[in-house]
>>> print(open('model-v1.tsv').read())   # TSV, C-alpha atoms and all ligand atoms
chain	number	residue	atom	x	y	z
A	108	MET	CA	194.37	106.75	-1.83
A	109	HIS	CA	196.27	103.78	-0.48
A	110	THR	CA	198.09	101.42	-2.80
A	111	PRO	CA	195.95	98.41	-3.71
A	112	ALA	CA	196.90	95.24	-1.82
A	113	THR	CA	196.76	93.29	-5.06
A	114	THR	CA	196.66	94.37	-8.67
A	115	THR	CA	194.65	91.46	-10.04
A	116	LEU	CA	191.75	93.55	-11.32
A	117	ALA	CA	193.16	94.66	-14.65
A	118	PRO	CA	193.67	91.29	-16.42
A	119	THR	CA	190.11	90.10	-15.65
A	120	ARG	CA	188.48	93.39	-16.64
A	121	ARG	CA	186.11	93.25	-19.59
A	122	GLU	CA	186.33	96.31	-21.85
A	123	PHE	CA	183.19	98.40	-21.58
A	124	THR	CA	182.34	101.65	-23.30
A	125	VAL	CA	179.00	103.40	-23.47
A	126	PRO	CA	177.57	102.83	-26.99
A	127	PRO	CA	178.44	105.86	-29.16
A	128	ASP	CA	174.79	106.54	-30.06
A	129	ARG	CA	173.73	106.72	-26.40
A	130	ASP	CA	173.70	110.07	-24.58
A	131	THR	CA	174.57	109.41	-20.95
A	132	ILE	CA	174.98	111.67	-17.93
A	133	ILE	CA	176.71	110.22	-14.89
A	134	THR	CA	177.01	112.36	-11.76
A	135	ILE	CA	179.54	111.96	-8.98
A	136	ASP	CA	179.03	114.05	-5.87
A	137	GLY	CA	180.57	113.98	-2.43
A	138	PRO	CA	182.76	115.94	-0.05
A	139	ALA	CA	186.40	116.95	-0.61
A	140	GLY	CA	189.02	114.23	-0.28
A	141	THR	CA	186.90	111.29	-1.39
A	142	GLY	CA	188.91	110.98	-4.60
A	143	LYS	CA	186.00	112.17	-6.77
A	144	SER	CA	188.04	114.06	-9.36
A	145	THR	CA	190.53	111.27	-9.93
A	146	VAL	CA	187.93	108.52	-10.20
A	147	ALA	CA	185.53	110.66	-12.27
A	148	ARG	CA	188.25	111.40	-14.78
A	149	GLU	CA	189.41	107.78	-14.91
A	150	LEU	CA	185.84	106.47	-15.23
A	151	ALA	CA	185.11	108.91	-18.07
A	152	ALA	CA	188.25	107.83	-19.94
A	153	ARG	CA	187.48	104.12	-19.50
A	154	ILE	CA	183.90	104.19	-20.68
A	155	GLY	CA	184.29	106.79	-23.42
A	156	LEU	CA	182.59	109.84	-21.90
A	157	ASP	CA	183.71	113.45	-21.39
A	158	PHE	CA	184.68	114.65	-17.89
A	159	LEU	CA	183.36	117.84	-16.29
A	160	ASP	CA	185.07	119.20	-13.14
A	161	THR	CA	182.50	121.67	-11.75
A	162	GLY	CA	184.68	122.48	-8.74
A	163	ALA	CA	187.08	124.09	-11.25
A	164	MET	CA	184.30	126.51	-12.22
A	165	TYR	CA	183.74	127.62	-8.61
A	166	ARG	CA	187.49	127.83	-8.11
A	167	ALA	CA	187.81	130.02	-11.24
A	168	ALA	CA	185.07	132.30	-9.84
A	169	ALA	CA	186.98	132.61	-6.54
A	170	ALA	CA	190.21	133.41	-8.43
A	171	ILE	CA	188.38	136.13	-10.38
A	172	VAL	CA	187.03	137.66	-7.15
A	173	ILE	CA	190.57	137.86	-5.74
A	174	ASP	CA	192.37	138.95	-8.88
A	175	PHE	CA	189.89	141.73	-9.70
A	176	ASP	CA	189.72	142.75	-6.05
A	177	ILE	CA	185.92	142.49	-6.02
A	178	ASP	CA	184.16	143.16	-2.73
A	179	ARG	CA	183.02	139.74	-1.47
A	180	GLU	CA	179.78	141.28	-0.20
A	181	ASP	CA	178.95	142.71	-3.64
A	182	ILE	CA	177.14	139.73	-5.09
A	183	ASP	CA	175.93	141.49	-8.24
A	184	ALA	CA	179.48	142.60	-9.07
A	185	ILE	CA	180.78	139.05	-8.52
A	186	VAL	CA	178.13	137.44	-10.71
A	187	ALA	CA	178.53	140.10	-13.44
A	188	LYS	CA	182.31	139.68	-13.57
A	189	VAL	CA	182.16	135.88	-13.55
A	190	ALA	CA	179.44	135.93	-16.25
A	191	SER	CA	181.61	138.24	-18.38
A	192	ALA	CA	184.44	135.66	-18.13
A	193	ASP	CA	182.21	133.13	-19.97
A	194	LEU	CA	183.81	130.20	-18.10
A	195	HIS	CA	184.15	127.20	-20.39
A	196	PHE	CA	186.56	124.38	-21.10
A	197	ASP	CA	189.04	123.57	-23.84
A	198	TRP	CA	187.99	119.98	-24.57
A	199	ALA	CA	190.96	119.36	-26.86
A	200	ILE	CA	193.11	118.89	-23.73
A	201	ASP	CA	192.85	116.01	-21.22
A	202	PRO	CA	191.70	116.87	-18.61
A	203	PRO	CA	189.84	119.79	-20.23
A	204	THR	CA	191.38	123.15	-19.29
A	205	ILE	CA	189.14	125.82	-17.81
A	206	LEU	CA	189.15	129.17	-19.64
A	207	ALA	CA	188.11	132.65	-18.52
A	208	TRP	CA	187.83	135.32	-21.21
A	209	ASP	CA	189.12	132.54	-23.51
A	210	GLU	CA	192.41	132.32	-21.58
A	211	PRO	CA	193.48	129.33	-19.44
A	212	ILE	CA	192.97	129.94	-15.71
A	213	ASP	CA	193.77	126.40	-14.52
A	214	HIS	CA	197.24	127.40	-13.25
A	215	ARG	CA	195.58	129.70	-10.69
A	216	ILE	CA	192.58	127.80	-9.37
A	217	ARG	CA	194.34	125.51	-6.86
A	218	ASP	CA	196.39	128.25	-5.17
A	219	ALA	CA	195.96	128.46	-1.39
A	220	ASP	CA	194.28	131.90	-1.46
A	221	VAL	CA	191.66	130.57	-3.90
A	222	THR	CA	191.08	127.41	-1.85
A	223	ALA	CA	190.67	129.57	1.27
A	224	ILE	CA	187.65	131.48	-0.10
A	225	VAL	CA	186.07	129.10	-2.60
A	226	SER	CA	183.56	127.54	-0.19
A	227	PRO	CA	181.85	130.84	0.77
A	228	ILE	CA	182.00	132.00	-2.87
A	229	ALA	CA	180.33	128.73	-3.92
A	230	GLY	CA	177.63	129.49	-1.34
A	231	ILE	CA	176.40	132.56	-3.26
A	232	GLY	CA	172.96	131.62	-4.57
A	233	LYS	CA	172.99	133.88	-7.65
A	234	LEU	CA	176.41	132.58	-8.63
A	235	ARG	CA	175.20	129.00	-8.28
A	236	GLU	CA	172.21	129.76	-10.55
A	237	HIS	CA	174.66	131.03	-13.15
A	238	MET	CA	176.88	127.94	-12.79
A	239	VAL	CA	173.93	125.54	-13.02
A	240	ARG	CA	172.87	127.20	-16.30
A	241	LYS	CA	176.42	126.97	-17.65
A	242	GLN	CA	176.75	123.32	-16.63
A	243	ARG	CA	173.51	122.44	-18.42
A	244	ILE	CA	174.72	124.25	-21.55
A	245	ILE	CA	177.94	122.23	-21.37
A	246	ALA	CA	175.90	119.02	-21.07
A	247	ASN	CA	173.91	120.00	-24.16
A	248	GLN	CA	177.15	120.34	-26.08
A	249	HIS	CA	178.70	117.24	-24.43
A	250	PRO	CA	175.76	114.92	-23.82
A	251	ARG	CA	178.03	111.98	-22.91
A	252	LEU	CA	179.38	113.23	-19.63
A	253	VAL	CA	180.72	112.25	-16.22
A	254	SER	CA	180.06	115.36	-14.15
A	255	GLU	CA	181.66	115.74	-10.74
A	256	GLY	CA	180.85	118.19	-7.93
A	257	ARG	CA	178.51	118.65	-4.97
A	258	ASP	CA	175.09	119.21	-6.56
A	259	GLN	CA	175.33	117.44	-9.88
A	260	GLY	CA	172.87	114.65	-9.10
A	261	SER	CA	170.68	116.65	-6.72
A	262	VAL	CA	170.24	119.94	-8.62
A	263	VAL	CA	171.96	120.17	-12.00
A	264	PHE	CA	171.12	116.79	-13.55
A	265	PRO	CA	168.24	115.31	-11.52
A	266	ASP	CA	167.48	112.92	-14.42
A	267	ALA	CA	171.07	111.63	-14.72
A	268	ASP	CA	171.37	108.03	-15.93
A	269	VAL	CA	173.50	107.01	-12.95
A	270	LYS	CA	174.21	109.02	-9.78
A	271	PHE	CA	177.04	108.29	-7.39
A	272	PHE	CA	177.80	109.74	-3.99
A	273	LEU	CA	181.31	109.12	-2.71
A	274	ASP	CA	182.07	109.48	0.97
A	275	ALA	CA	185.00	108.70	3.29
A	276	ASP	CA	185.92	109.12	6.91
A	277	PRO	CA	187.10	112.73	7.51
A	278	ALA	CA	190.37	111.47	9.07
A	279	VAL	CA	191.07	109.37	5.96
A	280	ARG	CA	190.34	112.37	3.76
A	281	ALA	CA	192.70	114.56	5.81
A	282	GLY	CA	195.36	111.84	5.57
A	283	ARG	CA	195.02	111.74	1.77
A	284	ARG	CA	195.35	115.50	1.51
A	285	ALA	CA	198.43	115.40	3.79
A	286	GLU	CA	199.97	112.75	1.53
A	287	GLN	CA	199.38	114.93	-1.54
A	288	LEU	CA	201.01	117.92	0.16
A	289	ARG	CA	203.99	115.82	1.30
A	290	ALA	CA	204.41	114.65	-2.30
A	291	GLU	CA	204.64	118.35	-3.22
A	292	GLY	CA	207.47	118.74	-0.67
A	293	LYS	CA	205.28	120.48	1.95
A	294	ASN	CA	205.00	119.72	5.65
A	295	PRO	CA	201.26	119.74	6.44
A	296	ASP	CA	199.67	119.93	9.89
A	297	GLU	CA	197.28	116.97	9.68
A	298	ARG	CA	195.16	118.11	12.64
A	299	LYS	CA	194.57	121.47	10.95
A	300	LEU	CA	193.74	119.70	7.68
A	301	LEU	CA	191.15	117.59	9.52
A	302	ALA	CA	189.63	120.68	11.17
A	303	ASP	CA	189.48	122.44	7.76
A	304	ILE	CA	187.77	119.42	6.17
A	305	ILE	CA	185.16	119.27	8.94
A	306	ASP	CA	184.55	123.04	8.57
A	307	ARG	CA	184.26	122.81	4.78
A	308	ASP	CA	181.87	119.82	5.00
A	309	HIS	CA	179.72	121.82	7.38
A	310	SER	CA	179.69	124.93	5.20
A	311	ASP	CA	179.09	122.94	1.95
A	312	SER	CA	176.23	120.91	3.45
A	313	THR	CA	174.41	123.64	5.39
A	314	ARG	CA	174.31	126.40	2.76
A	315	GLU	CA	170.88	127.32	1.42
A	316	ASP	CA	171.61	126.91	-2.28
A	317	GLY	CA	172.83	123.64	-3.78
A	318	PRO	CA	173.96	122.13	-0.46
A	319	LEU	CA	176.00	118.96	-0.51
A	320	ILE	CA	173.35	116.27	-0.05
A	321	CYS	CA	173.17	112.67	-1.10
A	322	PRO	CA	170.37	112.22	-3.68
A	323	ASP	CA	167.90	109.45	-2.71
A	324	ASP	CA	168.57	107.59	-5.93
A	325	ALA	CA	172.38	107.77	-5.72
A	326	VAL	CA	174.67	104.77	-5.35
A	327	VAL	CA	176.68	105.51	-2.19
A	328	ILE	CA	180.28	104.33	-2.02
A	329	ASP	CA	182.48	104.72	1.05
A	330	THR	CA	186.01	105.03	-0.34
A	331	SER	CA	187.78	104.98	3.07
A	332	ASP	CA	189.24	101.49	2.58
A	333	LEU	CA	189.26	101.31	-1.21
A	334	SER	CA	192.01	102.02	-3.69
A	335	CYS	CA	191.35	104.36	-6.58
A	336	ASP	CA	191.24	101.40	-8.98
A	337	GLU	CA	188.71	99.58	-6.79
A	338	VAL	CA	186.42	102.62	-6.69
A	339	VAL	CA	186.59	103.10	-10.46
A	340	GLN	CA	185.87	99.41	-10.98
A	341	ARG	CA	182.75	99.61	-8.77
A	342	LEU	CA	181.52	102.66	-10.64
A	343	GLU	CA	182.18	101.03	-13.98
A	344	ASP	CA	180.37	97.83	-12.93
A	345	GLU	CA	177.37	99.85	-11.80
A	346	VAL	CA	177.24	101.87	-15.04
A	347	ARG	CA	177.60	98.71	-17.12
A	348	ALA	CA	174.77	96.99	-15.21
A	349	ARG	CA	172.44	99.96	-15.79
A	350	ILE	CA	173.38	100.57	-19.41
A	351	GLU	CA	173.42	96.98	-20.62
A	352	LEU	CA	169.88	96.38	-19.29
A	401	LIG	O1	185.89	119.83	-5.62
A	401	LIG	P1	186.67	121.13	-5.35
A	401	LIG	O2	187.48	121.11	-4.08
A	401	LIG	O3	187.49	121.56	-6.51
A	401	LIG	O4	185.53	122.23	-5.15
A	401	LIG	C1	185.86	123.56	-4.84
A	401	LIG	C2	184.74	124.20	-4.04
A	401	LIG	O5	183.61	124.38	-4.86
A	401	LIG	C3	184.30	123.45	-2.78
A	401	LIG	O6	184.18	124.38	-1.72
A	401	LIG	C4	182.94	122.93	-3.14
A	401	LIG	C5	182.46	123.86	-4.22
A	401	LIG	N1	181.65	123.17	-5.22
A	401	LIG	C6	180.30	123.35	-5.16
A	401	LIG	O7	179.80	124.03	-4.26
A	401	LIG	N2	179.51	122.79	-6.11
A	401	LIG	C7	180.04	122.04	-7.08
A	401	LIG	N3	179.24	121.50	-8.01
A	401	LIG	C8	181.43	121.84	-7.15
A	401	LIG	C9	182.23	122.42	-6.19
>>> encode(input="model-v1.tsv", output="structure tokens")
Amino acid sequence: MHTPATTTLAPTRREFTVPPDRDTIITIDGPAGTGKSTVARELAARIGLDFLDTGAMYRAAAAIVIDFDIDREDIDAIVAKVASADLHFDWAIDPPTILAWDEPIDHRIRDADVTAIVSPIAGIGKLREHMVRKQRIIANQHPRLVSEGRDQGSVVFPDADVKFFLDADPAVRAGRRAEQLRAEGKNPDERKLLADIIDRDHSDSTREDGPLICPDDAVVIDTSDLSCDEVVQRLEDEVRARIEL
């Protein structure tokens, strides 16, 4: 995200944490490139909740499909193998590390081959059912949670205390991704990134199971012209207003 024009927010900020005796689920959904992961993690840290990255779970499933050379048409084999991995997180680390068969798999899940197939893998209905069950188990064990993904407010936690939907102009999202890649020393083709984002939005929002939709009761925030700090501040203000009622 762009650098904030001013940095006057921090000194005026009132400390706010969710009371320790209060279980709270906050969901943050939205398409890729809206800054969801960064702001979800930062929000969780600020207000004293745990952070769940559900995209990491779908990415781990895609990595397993590739690394075990599972036929992408064989849905039962995919679900069985992913279930046997017992995907879960090591919460002693920040951000929590995703584990498969009790071994870290986080080093693998952002590789280009995984990113290339994760959207269709995440479109497999039976796999989504499995992930929804897992995510609810995680929330039972971590009932103070900021959970980020595509279907967290619409499907997984319909009774969440606060639901957010982050959006941004596709060109802005492509620009942010290009900036990240440049920071990694790569030379991205921004037009291709934009085309990929539009394709992925289409495939995530038109699939039958758990499509990317904005829940009716979500607070919608367009992050196109906001810095990361400004988005987190808005989220925090909204949570504070709901929780201090
Ligand atoms: O947020 P991300 O890029 O790490 O997500 C990876 C993929 O997983 C992306 O194609 C969307 C999909 N996803 C999903 O379908 N449902 C979720 N709750 C989280 C991610």
>>> closest_atom_pairs(input="model-v1.tsv", of="chain A", to="ligand LIG 401 (chain A)", cutoff="9 Å", atoms="only C-alpha atoms and all ligand atoms", output="JSON lines")
{"residue": "A:Asp136", "atom": "CA", "partner": "A:LIG401", "partner_atom": "N3", "distance": 7.8}
{"residue": "A:Gly137", "atom": "CA", "partner": "A:LIG401", "partner_atom": "O1", "distance": 8.5}
{"residue": "A:Pro138", "atom": "CA", "partner": "A:LIG401", "partner_atom": "O1", "distance": 7.5}
{"residue": "A:Ala139", "atom": "CA", "partner": "A:LIG401", "partner_atom": "O2", "distance": 5.5}
{"residue": "A:Gly140", "atom": "CA", "partner": "A:LIG401", "partner_atom": "O2", "distance": 8.0}
{"residue": "A:Lys143", "atom": "CA", "partner": "A:LIG401", "partner_atom": "O1", "distance": 7.7}
{"residue": "A:Ser144", "atom": "CA", "partner": "A:LIG401", "partner_atom": "O1", "distance": 7.2}
{"residue": "A:Asp160", "atom": "CA", "partner": "A:LIG401", "partner_atom": "O3", "distance": 7.4}
{"residue": "A:Thr161", "atom": "CA", "partner": "A:LIG401", "partner_atom": "C8", "distance": 4.7}
{"residue": "A:Gly162", "atom": "CA", "partner": "A:LIG401", "partner_atom": "C9", "distance": 3.5}
{"residue": "A:Ala163", "atom": "CA", "partner": "A:LIG401", "partner_atom": "O3", "distance": 5.4}
{"residue": "A:Met164", "atom": "CA", "partner": "A:LIG401", "partner_atom": "C8", "distance": 7.5}
{"residue": "A:Tyr165", "atom": "CA", "partner": "A:LIG401", "partner_atom": "O5", "distance": 5.0}
{"residue": "A:Arg166", "atom": "CA", "partner": "A:LIG401", "partner_atom": "C1", "distance": 5.6}
{"residue": "A:Ile216", "atom": "CA", "partner": "A:LIG401", "partner_atom": "O3", "distance": 8.5}
{"residue": "A:Arg217", "atom": "CA", "partner": "A:LIG401", "partner_atom": "O3", "distance": 7.9}
{"residue": "A:Thr222", "atom": "CA", "partner": "A:LIG401", "partner_atom": "C1", "distance": 7.1}
{"residue": "A:Ala223", "atom": "CA", "partner": "A:LIG401", "partner_atom": "O6", "distance": 8.8}
{"residue": "A:Ile224", "atom": "CA", "partner": "A:LIG401", "partner_atom": "O6", "distance": 8.1}
{"residue": "A:Val225", "atom": "CA", "partner": "A:LIG401", "partner_atom": "O6", "distance": 5.2}
{"residue": "A:Ser226", "atom": "CA", "partner": "A:LIG401", "partner_atom": "O6", "distance": 3.6}
{"residue": "A:Pro227", "atom": "CA", "partner": "A:LIG401", "partner_atom": "O6", "distance": 7.3}
{"residue": "A:Ile228", "atom": "CA", "partner": "A:LIG401", "partner_atom": "O6", "distance": 8.0}
{"residue": "A:Ala229", "atom": "CA", "partner": "A:LIG401", "partner_atom": "O7", "distance": 4.7}
{"residue": "A:Gly230", "atom": "CA", "partner": "A:LIG401", "partner_atom": "O7", "distance": 6.6}
{"residue": "A:Arg235", "atom": "CA", "partner": "A:LIG401", "partner_atom": "N2", "distance": 7.9}
{"residue": "A:Met238", "atom": "CA", "partner": "A:LIG401", "partner_atom": "N3", "distance": 8.4}
{"residue": "A:Val239", "atom": "CA", "partner": "A:LIG401", "partner_atom": "N3", "distance": 8.3}
{"residue": "A:Ser254", "atom": "CA", "partner": "A:LIG401", "partner_atom": "N3", "distance": 8.7}
{"residue": "A:Glu255", "atom": "CA", "partner": "A:LIG401", "partner_atom": "N3", "distance": 6.8}
{"residue": "A:Gly256", "atom": "CA", "partner": "A:LIG401", "partner_atom": "N3", "distance": 3.7}
{"residue": "A:Arg257", "atom": "CA", "partner": "A:LIG401", "partner_atom": "N3", "distance": 4.2}
{"residue": "A:Asp258", "atom": "CA", "partner": "A:LIG401", "partner_atom": "N3", "distance": 5.0}
{"residue": "A:Gln259", "atom": "CA", "partner": "A:LIG401", "partner_atom": "N3", "distance": 5.9}
{"residue": "A:Val263", "atom": "CA", "partner": "A:LIG401", "partner_atom": "N3", "distance": 8.4}
{"residue": "A:Arg307", "atom": "CA", "partner": "A:LIG401", "partner_atom": "O6", "distance": 6.7}
{"residue": "A:Asp308", "atom": "CA", "partner": "A:LIG401", "partner_atom": "O6", "distance": 8.4}
{"residue": "A:Ser310", "atom": "CA", "partner": "A:LIG401", "partner_atom": "O6", "distance": 8.3}
{"residue": "A:Asp311", "atom": "CA", "partner": "A:LIG401", "partner_atom": "O7", "distance": 6.3}
{"residue": "A:Asp316", "atom": "CA", "partner": "A:LIG401", "partner_atom": "O7", "distance": 8.9}
{"residue": "A:Gly317", "atom": "CA", "partner": "A:LIG401", "partner_atom": "O7", "distance": 7.0}
{"residue": "A:Pro318", "atom": "CA", "partner": "A:LIG401", "partner_atom": "O7", "distance": 7.2}
{"residue": "A:Leu319", "atom": "CA", "partner": "A:LIG401", "partner_atom": "O7", "distance": 7.4}
>>> write_last_selection(input="model-v1.tsv", atoms="C-alpha atoms", output="PDB file, keeping the file's coordinate frame")
ATOM      1  CA  ASP A 136     179.030 114.050  -5.870  1.00  0.00           C
ATOM      2  CA  GLY A 137     180.570 113.980  -2.430  1.00  0.00           C
ATOM      3  CA  PRO A 138     182.760 115.940  -0.050  1.00  0.00           C
ATOM      4  CA  ALA A 139     186.400 116.950  -0.610  1.00  0.00           C
ATOM      5  CA  GLY A 140     189.020 114.230  -0.280  1.00  0.00           C
ATOM      6  CA  LYS A 143     186.000 112.170  -6.770  1.00  0.00           C
ATOM      7  CA  SER A 144     188.040 114.060  -9.360  1.00  0.00           C
ATOM      8  CA  ASP A 160     185.070 119.200 -13.140  1.00  0.00           C
ATOM      9  CA  THR A 161     182.500 121.670 -11.750  1.00  0.00           C
ATOM     10  CA  GLY A 162     184.680 122.480  -8.740  1.00  0.00           C
ATOM     11  CA  ALA A 163     187.080 124.090 -11.250  1.00  0.00           C
ATOM     12  CA  MET A 164     184.300 126.510 -12.220  1.00  0.00           C
ATOM     13  CA  TYR A 165     183.740 127.620  -8.610  1.00  0.00           C
ATOM     14  CA  ARG A 166     187.490 127.830  -8.110  1.00  0.00           C
ATOM     15  CA  ILE A 216     192.580 127.800  -9.370  1.00  0.00           C
ATOM     16  CA  ARG A 217     194.340 125.510  -6.860  1.00  0.00           C
ATOM     17  CA  THR A 222     191.080 127.410  -1.850  1.00  0.00           C
ATOM     18  CA  ALA A 223     190.670 129.570   1.270  1.00  0.00           C
ATOM     19  CA  ILE A 224     187.650 131.480  -0.100  1.00  0.00           C
ATOM     20  CA  VAL A 225     186.070 129.100  -2.600  1.00  0.00           C
ATOM     21  CA  SER A 226     183.560 127.540  -0.190  1.00  0.00           C
ATOM     22  CA  PRO A 227     181.850 130.840   0.770  1.00  0.00           C
ATOM     23  CA  ILE A 228     182.000 132.000  -2.870  1.00  0.00           C
ATOM     24  CA  ALA A 229     180.330 128.730  -3.920  1.00  0.00           C
ATOM     25  CA  GLY A 230     177.630 129.490  -1.340  1.00  0.00           C
ATOM     26  CA  ARG A 235     175.200 129.000  -8.280  1.00  0.00           C
ATOM     27  CA  MET A 238     176.880 127.940 -12.790  1.00  0.00           C
ATOM     28  CA  VAL A 239     173.930 125.540 -13.020  1.00  0.00           C
ATOM     29  CA  SER A 254     180.060 115.360 -14.150  1.00  0.00           C
ATOM     30  CA  GLU A 255     181.660 115.740 -10.740  1.00  0.00           C
ATOM     31  CA  GLY A 256     180.850 118.190  -7.930  1.00  0.00           C
ATOM     32  CA  ARG A 257     178.510 118.650  -4.970  1.00  0.00           C
ATOM     33  CA  ASP A 258     175.090 119.210  -6.560  1.00  0.00           C
ATOM     34  CA  GLN A 259     175.330 117.440  -9.880  1.00  0.00           C
ATOM     35  CA  VAL A 263     171.960 120.170 -12.000  1.00  0.00           C
ATOM     36  CA  ARG A 307     184.260 122.810   4.780  1.00  0.00           C
ATOM     37  CA  ASP A 308     181.870 119.820   5.000  1.00  0.00           C
ATOM     38  CA  SER A 310     179.690 124.930   5.200  1.00  0.00           C
ATOM     39  CA  ASP A 311     179.090 122.940   1.950  1.00  0.00           C
ATOM     40  CA  ASP A 316     171.610 126.910  -2.280  1.00  0.00           C
ATOM     41  CA  GLY A 317     172.830 123.640  -3.780  1.00  0.00           C
ATOM     42  CA  PRO A 318     173.960 122.130  -0.460  1.00  0.00           C
ATOM     43  CA  LEU A 319     176.000 118.960  -0.510  1.00  0.00           C
TER      44      LEU A 319
END
>>> atom_distance(input="model-v1.tsv", atom1="CA of Val269 (chain A)", atom2="CA of Thr313 (chain A)")
24.8 Å
>>> closest_residue(input="model-v1.tsv", among="A:Ala290, A:Val125, A:Ala275, A:Val186", to="Ser334 (chain A)", atoms="all atoms listed in the file")
A:Ala275
>>> atom_distance(input="model-v1.tsv", atom1="CA of Asp174 (chain A)", atom2="CA of Val189 (chain A)")
11.6 Å
>>> atom_distance(input="model-v1.tsv", atom1="CA of Leu194 (chain A)", atom2="CA of Leu206 (chain A)")
5.7 Å
>>> closest_residue(input="model-v1.tsv", among="A:Ala187, A:Ala192, A:Ile245, A:Ala267", to="Asp209 (chain A)", atoms="all atoms listed in the file")
A:Ala192
>>> residues_around(input="model-v1.tsv", residues="Thr330 (chain A)", least_positions_apart="3", cutoff="10 Å", atoms="only C-alpha atoms", output="number ranges by chain")
A: 108, 140-143, 273-276, 279-280, 327, 333-335, 337-338
>>> closest_residue(input="model-v1.tsv", among="A:Arg179, A:Arg349, A:Arg215, A:Arg240", to="Asp268 (chain A)", atoms="only C-alpha atoms")
A:Arg349
>>> closest_residue(input="model-v1.tsv", among="A:Glu149, A:Phe123, A:Asp296, A:Pro322", to="Glu345 (chain A)", atoms="all atoms listed in the file")
A:Phe123
>>> residues_around(input="model-v1.tsv", residues="Pro202 (chain A)", least_positions_apart="3", cutoff="9 Å", atoms="all atoms listed in the file", output="number ranges by chain")
A: 148, 158-160, 197-199
>>> closest_residue(input="model-v1.tsv", among="A:Asp183, A:Phe272, A:Ile350, A:Glu297", to="Gly232 (chain A)", atoms="all atoms listed in the file")
A:Asp183
>>> residues_near_point(input="model-v1.tsv", point="(177.9, 92.9, -24.3)", cutoff="10 Å", atoms="all atoms listed in the file", output="list of chain:residue names")
A:Arg121, A:Glu122, A:Phe123, A:Thr124, A:Arg347, A:Glu351
>>> closest_residue(input="model-v1.tsv", among="A:Leu156, A:Ala147, A:Val346, A:Val172", to="His249 (chain A)", atoms="all atoms listed in the file")
A:Leu156
>>> build_atoms(input="model-v1.tsv", residues="region 320-331 of chain A", atoms="N, CA, C and O atoms", output="compact mmCIF listing (two decimals), in the frame of the given file")
# COMPACT_ATOMS: atom_id res chain seq x y z
N ILE A 320 174.24 117.29 -0.62
CA ILE A 320 173.35 116.27 -0.05
C ILE A 320 173.46 115.02 -0.92
O ILE A 320 173.85 115.12 -2.09
N CYS A 321 173.12 113.91 -0.32
CA CYS A 321 173.17 112.67 -1.10
C CYS A 321 171.79 112.44 -1.72
O CYS A 321 170.82 112.26 -0.99
N PRO A 322 171.67 112.47 -3.07
CA PRO A 322 170.37 112.22 -3.68
C PRO A 322 169.84 110.84 -3.29
O PRO A 322 170.63 109.90 -3.15
N ASP A 323 168.50 110.72 -3.11
CA ASP A 323 167.90 109.45 -2.71
C ASP A 323 168.26 108.30 -3.65
O ASP A 323 168.40 107.17 -3.24
N ASP A 324 168.36 108.65 -4.95
CA ASP A 324 168.57 107.59 -5.93
C ASP A 324 170.06 107.41 -6.29
O ASP A 324 170.38 106.81 -7.33
N ALA A 325 170.95 107.91 -5.43
CA ALA A 325 172.38 107.77 -5.72
C ALA A 325 172.92 106.44 -5.18
O ALA A 325 172.44 105.93 -4.16
N VAL A 326 173.92 105.92 -5.86
CA VAL A 326 174.67 104.77 -5.35
C VAL A 326 175.75 105.34 -4.43
O VAL A 326 176.57 106.15 -4.87
N VAL A 327 175.73 104.95 -3.16
CA VAL A 327 176.68 105.51 -2.19
C VAL A 327 177.88 104.57 -2.06
O VAL A 327 177.71 103.37 -1.88
N ILE A 328 179.07 105.14 -2.16
CA ILE A 328 180.28 104.33 -2.02
C ILE A 328 181.19 104.99 -0.99
O ILE A 328 181.55 106.16 -1.13
N ASP A 329 181.53 104.24 0.06
CA ASP A 329 182.48 104.72 1.05
C ASP A 329 183.87 104.32 0.57
O ASP A 329 184.18 103.12 0.47
N THR A 330 184.70 105.32 0.26
CA THR A 330 186.01 105.03 -0.34
C THR A 330 187.12 104.89 0.71
O THR A 330 188.28 104.73 0.33
N SER A 331 186.74 104.95 2.02
CA SER A 331 187.78 104.98 3.07
C SER A 331 188.80 103.86 2.92
O SER A 331 190.00 104.09 3.08
